[in-house]
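Here's query.txt, which has compact mmCIF, C-alpha atoms:
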```
# COMPACT_ATOMS: atom_id res chain seq x y z
CA MET A 74 151.98 -6.32 80.37
CA GLY A 75 148.49 -5.43 81.52
CA ARG A 76 145.43 -5.49 79.30
CA THR A 77 145.20 -1.72 79.23
CA SER A 78 148.78 -1.01 78.24
CA ASN A 79 148.52 -2.76 74.88
CA ALA A 80 144.90 -1.89 74.09
CA ARG A 81 145.93 0.00 70.96
CA GLU A 82 147.81 -3.02 69.63
CA ARG A 83 144.88 -5.29 70.43
CA LEU A 84 142.49 -3.01 68.54
CA ILE A 85 144.80 -3.04 65.51
CA SER A 86 145.20 -6.79 65.66
CA SER A 87 141.48 -7.55 66.09
CA ALA A 88 140.43 -5.10 63.39
CA GLY A 89 142.95 -6.48 60.90
CA GLU A 90 141.85 -10.02 61.60
CA LEU A 91 138.12 -9.34 61.41
CA TRP A 92 138.28 -7.13 58.32
CA HIS A 93 140.48 -9.64 56.51
CA ALA A 94 138.11 -12.48 57.38
CA ARG A 95 135.00 -10.50 56.37
CA SER A 96 135.09 -6.91 55.13
CA TYR A 97 135.64 -3.38 56.36
CA ALA A 98 131.99 -2.39 56.14
CA ASP A 99 130.81 -5.60 57.76
CA VAL A 100 132.73 -5.14 61.00
CA GLY A 101 132.18 -2.01 63.07
CA VAL A 102 133.94 -0.39 65.97
CA SER A 103 131.75 -2.08 68.61
CA GLU A 104 132.58 -5.57 67.40
CA ILE A 105 136.27 -4.74 67.15
CA CYS A 106 136.29 -3.39 70.71
CA GLU A 107 134.55 -6.50 71.96
CA ALA A 108 137.01 -8.81 70.17
CA ALA A 109 139.94 -6.77 71.49
CA GLY A 110 138.56 -6.65 75.03
CA VAL A 111 138.61 -2.85 74.99
CA GLN A 112 135.77 -0.68 76.31
CA LYS A 113 134.08 1.09 73.45
CA GLY A 114 134.32 4.30 75.46
CA SER A 115 138.10 4.20 75.30
CA PHE A 116 138.30 3.45 71.54
CA TYR A 117 138.39 7.17 70.72
CA HIS A 118 141.22 7.65 73.15
CA PHE A 119 143.34 5.63 70.69
CA PHE A 120 141.79 6.42 67.30
CA ALA A 121 139.85 9.42 66.03
CA SER A 122 137.73 7.21 63.76
CA LYS A 123 137.29 3.79 62.22
CA ARG A 124 139.30 5.10 59.28
CA ASP A 125 142.17 6.08 61.58
CA LEU A 126 142.19 2.53 62.90
CA ALA A 127 142.23 1.29 59.30
CA LEU A 128 145.29 3.42 58.54
CA ALA A 129 147.04 1.91 61.56
CA VAL A 130 146.06 -1.59 60.42
CA ILE A 131 147.46 -0.94 56.94
CA ASP A 132 150.74 0.32 58.43
CA ASP A 133 150.93 -2.68 60.74
CA TYR A 134 150.23 -5.24 57.98
CA TRP A 135 152.59 -3.55 55.54
CA GLY A 136 155.40 -3.38 58.10
CA ARG A 137 155.03 -7.06 58.92
CA TYR A 138 154.49 -8.18 55.33
CA SER A 139 157.50 -6.35 53.94
CA ALA A 140 159.73 -7.49 56.82
CA GLN A 141 158.65 -11.12 56.44
CA PHE A 142 158.23 -11.51 52.70
CA LEU A 143 160.14 -8.80 50.86
CA SER A 144 163.14 -7.52 52.81
CA PRO A 145 164.86 -10.90 53.34
CA SER A 146 165.31 -11.48 49.61
CA ILE A 147 166.31 -7.97 48.51
CA GLY A 148 169.87 -8.15 47.29
CA ALA A 149 169.99 -11.91 47.92
CA ASP A 150 172.32 -14.16 45.94
CA GLY A 151 170.96 -16.17 43.07
CA PRO A 152 169.05 -15.26 39.92
CA PRO A 153 167.11 -12.04 40.62
CA LEU A 154 163.88 -13.34 39.09
CA GLU A 155 163.88 -16.11 41.70
CA ARG A 156 163.17 -13.43 44.30
CA ILE A 157 159.82 -13.01 42.55
CA THR A 158 158.98 -16.70 42.10
CA GLY A 159 160.31 -17.26 45.61
CA LEU A 160 157.88 -14.64 46.92
CA VAL A 161 155.00 -16.62 45.42
CA GLU A 162 156.30 -19.82 47.04
CA ARG A 163 156.73 -18.17 50.44
CA GLN A 164 153.21 -16.78 50.28
CA VAL A 165 151.77 -20.17 49.39
CA ALA A 166 153.68 -21.73 52.29
CA PHE A 167 152.27 -19.06 54.59
CA LEU A 168 148.69 -19.26 53.33
CA ALA A 169 148.31 -23.03 53.13
CA PRO A 170 148.08 -23.66 56.91
CA ALA A 171 145.86 -20.56 57.30
CA GLN A 172 143.43 -21.91 54.72
CA GLU A 173 143.47 -25.27 56.49
CA ARG A 174 142.77 -23.58 59.83
CA GLU A 175 140.14 -21.10 58.67
CA GLY A 176 138.45 -23.22 56.01
CA CYS A 177 138.69 -20.42 53.49
CA LEU A 178 141.29 -18.52 51.56
CA ARG A 179 141.27 -14.87 52.56
CA GLY A 180 143.51 -13.57 49.81
CA CYS A 181 145.52 -10.39 50.07
CA PRO A 182 144.43 -7.98 52.82
CA PHE A 183 145.67 -4.95 50.87
CA GLY A 184 143.92 -6.02 47.68
CA SER A 185 140.71 -6.76 49.56
CA LEU A 186 140.65 -3.40 51.34
CA ALA A 187 141.64 -1.52 48.17
CA MET A 188 138.86 -3.24 46.21
CA GLU A 189 136.27 -2.45 48.86
CA MET A 190 137.24 1.09 49.84
CA SER A 191 138.86 2.80 46.83
CA THR A 192 135.59 4.31 45.61
CA GLN A 193 134.44 5.20 49.11
CA ASP A 194 137.29 6.70 51.10
CA GLU A 195 139.91 8.84 49.44
CA VAL A 196 142.27 8.75 52.42
CA LEU A 197 142.28 4.94 52.54
CA ARG A 198 142.57 4.72 48.74
CA GLU A 199 145.63 6.97 48.74
CA ARG A 200 147.28 5.07 51.58
CA LEU A 201 146.69 1.72 49.85
CA ASP A 202 147.93 3.17 46.57
CA ARG A 203 151.17 4.12 48.33
CA VAL A 204 151.48 0.57 49.68
CA PHE A 205 151.17 -0.74 46.12
CA ASP A 206 153.78 1.82 44.97
CA ASP A 207 156.22 0.67 47.66
CA TRP A 208 155.48 -2.96 46.88
CA ALA A 209 156.12 -2.42 43.17
CA ARG A 210 159.67 -1.33 44.02
CA PHE A 211 160.42 -4.90 45.17
CA PHE A 212 159.59 -6.10 41.64
CA GLU A 213 161.45 -3.17 40.05
CA MET A 214 164.65 -3.94 41.95
CA ALA A 215 164.54 -7.63 41.04
CA LEU A 216 163.85 -6.79 37.38
CA ALA A 217 166.63 -4.18 37.24
CA ASP A 218 169.05 -6.73 38.70
CA ALA A 219 167.83 -9.37 36.20
CA VAL A 220 168.46 -6.97 33.31
CA ALA A 221 171.90 -6.07 34.70
CA ALA A 222 172.71 -9.80 34.99
CA LYS A 223 171.49 -10.26 31.40
CA ASP A 224 168.99 -12.87 32.61
CA ILE A 225 166.29 -11.01 30.69
CA PRO A 226 166.42 -8.55 27.79
CA PRO A 227 166.15 -4.84 28.64
CA VAL A 228 162.56 -4.12 29.64
CA ASP A 229 160.59 -1.15 30.92
CA VAL A 230 161.26 -2.11 34.52
CA ARG A 231 158.53 0.07 36.04
CA LYS A 232 155.89 -1.16 33.65
CA VAL A 233 156.78 -4.83 33.99
CA ALA A 234 156.90 -4.45 37.79
CA ARG A 235 153.34 -3.07 37.76
CA ALA A 236 152.20 -5.82 35.40
CA MET A 237 153.63 -8.47 37.74
CA GLN A 238 151.99 -6.84 40.73
CA ALA A 239 148.66 -6.71 38.91
CA TYR A 240 148.99 -10.32 37.85
CA LEU A 241 149.66 -11.59 41.36
CA GLN A 242 146.78 -9.54 42.78
CA GLY A 243 144.52 -11.11 40.16
CA VAL A 244 145.81 -14.60 40.92
CA PHE A 245 145.04 -14.07 44.60
CA LEU A 246 141.56 -12.84 43.72
CA LEU A 247 140.80 -15.87 41.53
CA ALA A 248 142.17 -18.17 44.25
CA LYS A 249 139.94 -16.49 46.83
CA THR A 250 136.94 -16.84 44.53
CA LYS A 251 137.69 -20.51 43.92
CA ASN A 252 138.64 -20.93 47.60
CA ASP A 253 141.60 -22.95 46.41
CA ILE A 254 145.26 -22.24 47.04
CA ALA A 255 146.11 -24.51 44.09
CA VAL A 256 145.23 -21.55 41.84
CA ILE A 257 148.20 -19.63 43.29
CA ARG A 258 150.48 -22.67 43.04
CA ASP A 259 149.45 -23.24 39.43
CA LEU A 260 149.31 -19.69 38.07
CA GLY A 261 151.76 -17.87 40.36
CA PRO A 262 154.99 -19.00 38.65
CA GLN A 263 153.66 -17.76 35.28
CA VAL A 264 154.37 -14.23 36.54
CA VAL A 265 157.81 -14.32 34.89
CA LEU A 266 156.17 -14.48 31.45
CA LEU A 267 155.46 -10.78 31.92
CA ALA A 268 159.22 -10.15 31.85
CA GLY A 269 159.42 -12.02 28.55
CA VAL A 270 160.83 -15.26 29.91
CA ALA A 271 159.32 -18.74 30.09
CA PRO A 272 158.55 -20.10 33.56
CA GLN A 273 160.92 -22.85 34.67
CA THR A 274 159.42 -26.26 34.38
CA ALA A 275 160.07 -28.35 37.43
CA PRO A 276 162.45 -31.19 36.51
CA ARG A 277 159.93 -33.92 37.26
CA LYS A 278 157.38 -32.46 34.88
CA ARG A 279 157.74 -33.30 31.23
CA ARG A 280 156.08 -31.43 28.43
CA ALA A 281 153.78 -33.37 26.18
CA ALA A 282 155.43 -33.81 22.80
CA MET B 116 104.96 0.63 32.04
CA GLY B 117 103.76 1.41 35.56
CA ARG B 118 106.10 1.74 38.52
CA THR B 119 104.86 -1.48 40.11
CA SER B 120 105.16 -3.72 37.09
CA ASN B 121 108.92 -3.40 36.81
CA ALA B 122 109.69 -3.17 40.53
CA ARG B 123 111.85 -6.31 40.38
CA GLU B 124 113.96 -4.85 37.57
CA ARG B 125 114.30 -1.56 39.44
CA LEU B 126 115.48 -3.37 42.57
CA ILE B 127 118.10 -5.26 40.53
CA SER B 128 119.24 -2.10 38.78
CA SER B 129 119.47 0.01 41.97
CA ALA B 130 121.23 -2.73 43.92
CA GLY B 131 123.79 -3.33 41.18
CA GLU B 132 124.47 0.38 40.88
CA LEU B 133 124.78 1.03 44.63
CA TRP B 134 126.88 -2.08 45.38
CA HIS B 135 129.22 -1.32 42.50
CA ALA B 136 129.62 2.28 43.65
CA ARG B 137 130.18 1.30 47.29
CA SER B 138 130.07 -2.29 48.56
CA TYR B 139 127.64 -5.10 49.27
CA ALA B 140 127.87 -4.76 53.04
CA ASP B 141 127.61 -0.99 52.92
CA VAL B 142 124.23 -0.87 51.18
CA GLY B 143 121.27 -2.65 52.75
CA VAL B 144 117.81 -3.60 51.58
CA SER B 145 116.16 -0.41 52.91
CA GLU B 146 118.45 1.87 50.95
CA ILE B 147 118.02 -0.23 47.81
CA CYS B 148 114.23 -0.11 48.12
CA GLU B 149 114.34 3.65 48.60
CA ALA B 150 116.56 4.13 45.53
CA ALA B 151 114.32 1.82 43.49
CA GLY B 152 111.13 3.48 44.68
CA VAL B 153 109.83 0.18 46.02
CA GLN B 154 108.11 -0.22 49.41
CA LYS B 155 110.33 -2.20 51.72
CA GLY B 156 107.31 -4.35 52.57
CA SER B 157 107.12 -5.64 49.03
CA PHE B 158 110.85 -6.42 48.70
CA TYR B 159 110.34 -9.95 50.01
CA HIS B 160 107.62 -10.49 47.44
CA PHE B 161 110.38 -10.37 44.83
CA PHE B 162 113.42 -11.73 46.68
CA ALA B 163 113.75 -14.11 49.61
CA SER B 164 116.83 -12.29 50.88
CA LYS B 165 119.52 -9.73 50.12
CA ARG B 166 121.59 -12.65 48.83
CA ASP B 167 118.84 -13.65 46.41
CA LEU B 168 118.84 -10.13 45.07
CA ALA B 169 122.63 -10.36 44.72
CA LEU B 170 122.28 -13.55 42.66
CA ALA B 171 119.83 -11.77 40.36
CA VAL B 172 122.21 -8.80 40.07
CA ILE B 173 125.09 -11.11 39.13
CA ASP B 174 122.94 -12.81 36.46
CA ASP B 175 121.81 -9.46 35.11
CA TYR B 176 125.35 -8.00 34.96
CA TRP B 177 126.79 -11.15 33.47
CA GLY B 178 124.09 -11.35 30.80
CA ARG B 179 124.64 -7.76 29.79
CA TYR B 180 128.41 -7.89 30.03
CA SER B 181 128.78 -11.03 27.92
CA ALA B 182 126.28 -9.76 25.33
CA GLN B 183 128.00 -6.39 25.06
CA PHE B 184 131.67 -7.25 25.43
CA LEU B 185 132.24 -10.93 24.70
CA SER B 186 129.69 -12.37 22.27
CA PRO B 187 130.20 -9.85 19.44
CA SER B 188 133.84 -10.84 18.97
CA ILE B 189 133.55 -14.64 19.34
CA GLY B 190 134.40 -16.16 15.99
CA ALA B 191 135.12 -12.72 14.52
CA ASP B 192 137.49 -12.33 11.62
CA GLY B 193 141.02 -11.13 12.23
CA PRO B 194 143.82 -12.38 14.46
CA PRO B 195 142.22 -14.23 17.41
CA LEU B 196 144.44 -12.53 20.01
CA GLU B 197 142.97 -9.21 18.92
CA ARG B 198 139.69 -10.33 20.45
CA ILE B 199 141.50 -10.17 23.78
CA THR B 200 143.28 -6.86 23.24
CA GLY B 201 140.06 -5.57 21.68
CA LEU B 202 138.18 -6.51 24.84
CA VAL B 203 140.56 -4.34 26.85
CA GLU B 204 140.02 -1.44 24.42
CA ARG B 205 136.24 -1.79 24.52
CA GLN B 206 136.25 -1.82 28.30
CA VAL B 207 138.41 1.30 28.44
CA ALA B 208 136.07 3.03 25.99
CA PHE B 209 133.13 2.05 28.20
CA LEU B 210 134.75 3.00 31.51
CA ALA B 211 136.29 6.33 30.49
CA PRO B 212 133.01 8.33 30.36
CA ALA B 213 131.78 6.55 33.52
CA GLN B 214 134.90 7.63 35.40
CA GLU B 215 134.43 11.15 34.09
CA ARG B 216 130.79 11.16 35.23
CA GLU B 217 131.24 9.50 38.60
CA GLY B 218 134.63 10.96 39.51
CA CYS B 219 135.98 7.54 40.40
CA LEU B 220 136.85 4.29 38.71
CA ARG B 221 134.65 1.50 40.03
CA GLY B 222 136.53 -1.37 38.50
CA CYS B 223 134.99 -4.76 37.77
CA PRO B 224 131.68 -5.48 39.56
CA PHE B 225 132.32 -9.24 39.57
CA GLY B 226 135.84 -8.85 40.93
CA SER B 227 134.66 -6.39 43.57
CA LEU B 228 131.84 -8.64 44.79
CA ALA B 229 134.04 -11.75 44.67
CA MET B 230 136.73 -10.01 46.69
CA GLU B 231 134.25 -8.83 49.30
CA MET B 232 132.01 -11.86 49.63
CA SER B 233 134.05 -15.00 48.86
CA THR B 234 134.98 -15.60 52.49
CA GLN B 235 131.52 -14.72 53.75
CA ASP B 236 128.86 -16.28 51.57
CA GLU B 237 129.42 -19.66 49.97
CA VAL B 238 126.43 -19.31 47.62
CA LEU B 239 127.65 -16.00 46.23
CA ARG B 240 131.22 -17.28 46.03
CA GLU B 241 130.15 -20.30 43.98
CA ARG B 242 128.01 -18.19 41.66
CA LEU B 243 130.84 -15.73 41.06
CA ASP B 244 133.27 -18.59 40.56
CA ARG B 245 130.98 -19.91 37.81
CA VAL B 246 130.93 -16.47 36.19
CA PHE B 247 134.73 -16.51 36.14
CA ASP B 248 134.65 -20.04 34.68
CA ASP B 249 132.31 -18.94 31.88
CA TRP B 250 134.36 -15.81 31.29
CA ALA B 251 137.58 -17.82 31.04
CA ARG B 252 136.07 -19.69 28.08
CA PHE B 253 136.17 -16.46 26.06
CA PHE B 254 139.95 -16.41 26.52
CA GLU B 255 140.23 -20.17 25.91
CA MET B 256 138.41 -19.93 22.57
CA ALA B 257 140.55 -17.01 21.38
CA LEU B 258 143.73 -18.82 22.46
CA ALA B 259 142.69 -22.11 20.82
CA ASP B 260 141.99 -20.21 17.59
CA ALA B 261 145.33 -18.39 17.86
CA VAL B 262 147.13 -21.73 18.26
CA ALA B 263 145.20 -23.19 15.32
CA ALA B 264 146.14 -20.16 13.22
CA LYS B 265 149.79 -20.63 14.32
CA ASP B 266 149.80 -17.06 15.66
CA ILE B 267 151.20 -18.42 18.92
CA PRO B 268 153.04 -21.63 19.78
CA PRO B 269 150.98 -24.44 21.33
CA VAL B 270 150.17 -23.46 24.91
CA ASP B 271 148.13 -24.88 27.76
CA VAL B 272 145.04 -22.99 26.67
CA ARG B 273 143.12 -23.38 29.94
CA LYS B 274 146.04 -22.26 32.05
CA VAL B 275 146.91 -19.27 29.87
CA ALA B 276 143.23 -18.28 29.77
CA ARG B 277 143.13 -18.25 33.57
CA ALA B 278 146.40 -16.32 33.72
CA MET B 279 145.00 -13.68 31.37
CA GLN B 280 141.80 -13.44 33.36
CA ALA B 281 143.78 -13.05 36.58
CA TYR B 282 146.00 -10.43 35.00
CA LEU B 283 143.11 -8.28 33.79
CA GLN B 284 141.36 -8.55 37.16
CA GLY B 285 144.57 -7.35 38.80
CA VAL B 286 144.96 -4.51 36.30
CA PHE B 287 141.41 -3.37 37.08
CA LEU B 288 142.15 -3.54 40.80
CA LEU B 289 145.32 -1.44 40.49
CA ALA B 290 143.45 1.05 38.28
CA LYS B 291 140.67 1.31 40.88
CA THR B 292 143.25 1.82 43.64
CA LYS B 293 145.02 4.53 41.64
CA ASN B 294 141.64 5.86 40.46
CA ASP B 295 143.16 6.15 37.02
CA ILE B 296 141.97 4.50 33.85
CA ALA B 297 145.43 5.10 32.35
CA VAL B 298 146.57 2.04 34.32
CA ILE B 299 144.27 -0.13 32.18
CA ARG B 300 145.34 1.61 28.98
CA ASP B 301 148.99 1.17 29.86
CA LEU B 302 149.04 -2.35 31.32
CA GLY B 303 146.05 -3.97 29.61
CA PRO B 304 147.69 -4.72 26.25
CA GLN B 305 150.53 -6.55 28.07
CA VAL B 306 148.06 -9.38 28.64
CA VAL B 307 149.30 -11.09 25.46
CA LEU B 308 152.73 -11.61 27.04
CA LEU B 309 151.07 -14.41 29.03
CA ALA B 310 150.55 -16.27 25.75
CA GLY B 311 154.24 -15.92 24.97
CA VAL B 312 153.97 -13.08 22.48
CA ALA B 313 155.18 -9.48 22.64
CA PRO B 314 152.51 -6.76 22.74
CA GLN B 315 152.30 -4.69 19.57
CA THR B 316 153.80 -1.28 19.87
CA ALA B 317 151.55 1.38 18.42
CA PRO B 318 153.21 2.86 15.31
CA ARG B 319 153.22 6.43 16.64
CA LYS B 320 155.13 5.46 19.76
CA ARG B 321 158.87 5.28 19.52
CA ARG B 322 161.09 3.59 22.02
CA ALA B 323 163.77 5.64 23.69
CA ALA B 324 167.15 4.61 22.31
```
How does the structure come out when it is put into structure tokens?
Amino acid sequence: MGRTSNARERLISSAGELWHARSYADVGVSEICEAAGVQKGSFYHFFASKRDLALAVIDDYWGRYSAQFLSPSIGADGPPLERITGLVERQVAFLAPAQEREGCLRGCPFGSLAMEMSTQDEVLRERLDRVFDDWARFFEMALADAVAAKDIPPVDVRKVARAMQAYLQGVFLLAKTKNDIAVIRDLGPQVVLLAGVAPQTAPRKRRAA
Amino acid sequence: MGRTSNARERLISSAGELWHARSYADVGVSEICEAAGVQKGSFYHFFASKRDLALAVIDDYWGRYSAQFLSPSIGADGPPLERITGLVERQVAFLAPAQEREGCLRGCPFGSLAMEMSTQDEVLRERLDRVFDDWARFFEMALADAVAAKDIPPVDVRKVARAMQAYLQGVFLLAKTKNDIAVIRDLGPQVVLLAGVAPQTAPRKRRAA
């Protein structure tokens, strides 16, 4: 495939990478074009604006994230709540080598963009809000299945799903601020407390008497 | 007081306001000077760099936030966990008119700056990390008192404090993304679940059968 034929994909990929590493405001169209090896003059052939590129980046990240991290466990065997603790483990496994490679923990690209842009761009805010809505359904499904399996008492599934989503976003933010993935390893599993159950203690760990 | 004498304070105030409304990268020194009514030439008389100004803004916000929202309830009478749910209520009461006035929910200034700058500026990241450390002690003290009062079973106070801090940061992020303070009102009180206790249901609310 020639360089021209996948210019759009390269713009999406470079923008996503640069914005995630720094911030949306800090990286402009010129720098993205340069990183992607695309003439600035042809940028507007692919995207009407920087915001349009951002919408494409969000769609691209969300498609890949949900395919890699969410879809495989939906309807999986095993205790439904383990889909949620398993999600935390899979994310840690994914982020650990990235932190090693990049020397810093970038956190969640959706959370980062939502934090930066929600007061500034209504179109981006609404698109990111829809991502969070879709994402919450992963937690809702696991919680509904956990209630049906009588693993947890009946709960307000929508509310607990949102609480879990908020919690994990906050854990990622604290981990980014401490630049330490151990924060996610340590606090992540506590997410199940929000459904009214105690986190499983790993067999090798013993509680102090 | 003349305009010159409090130029430093005006720079801090304008920068904090503009960064909170938009983002650190989006607002530069020139715009801050203009908003503060300070000649750009004299900016570097007060601050060595934009980052130095940011450190002063963080100190200013943290001093005011802890004096207004944290200190008054430390050691207060009443159930210790109510200091935490009370904090959520006080923040909602503070944010509601601001959202009304500004038309958008800005969320937490520390969380916003930490999310934007932690991968980009090690000095700012470390300063914000210390703010979060200090802030976590508010939760630790309330939890230790709640354990001592036997309101909650013995817990790992430091870990639960961090979990609560993460949760509330995440709740503020989701509220900012939805541009709706109701998210904080709805999810905020659930924070006590992380200490292993059920949130109190307000007397006027009845559960659906």
task: Would you give me, as a PyMOL selection string, the residues of chain B that come within 9 Å of chain A, using all atoms listed in the file?
output: chain B and resi 136-141+219-222+226-235+240-241+243-244+247+274-275+277-289+291-294+301-303+305-313
message: I'd like the interatomic distance between CA of Ile105 (chain A) and CA of Phe183 (chain A), to a tenth of an Å.
response: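 Separating CA of Ile105 (chain A) from CA of Phe183 (chain A) is a distance of 18.8 Å.
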task: Grab the CA of Phe167 (chain A) to CA of Ile254 (chain A) distance for me, in Å with one decimal place.
output: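 CA of Ile254 (chain A) lies 10.8 Å from CA of Phe167 (chain A).
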Long-range neighbours of Phe162 (chain B) as a list in words, 12 Å cut-off, only C-alpha atoms, 2 positions minimum in chain: Ala122, Arg123, Glu124, Leu126, Ile127, Val144, Cys148, Lys155, Gly156, Ser157, Phe158, Tyr159, His160, Ser164, Lys165, Arg166, Asp167, Leu168, Ala169, Leu170, Ala171 and Val172 of chain B
task: Mind checking which residues fall within 9 Å of Leu154 (chain A), counting only C-alpha atoms, ignoring those fewer than 5 positions away in the same chain, and posting them as a ChimeraX atom specification?
output: /A:159,212,215-216,218-219,224,265
query: What does the distance from CA of Val111 (chain A) to CA of Trp135 (chain A) come to in Å, to one decimal?
result: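 Atom-to-atom, CA of Val111 (chain A) to CA of Trp135 (chain A), that is 24.0 Å.
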message: So, with all atoms listed in the file as the atoms that count, which of B:Gln183, B:Glu132, B:Ile189, B:Pro195 lies closest to Lys265 (chain B)?
response: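 When distances to Lys265 (chain B) are compared using all atoms listed in the file, the smallest one comes from B:Pro195.
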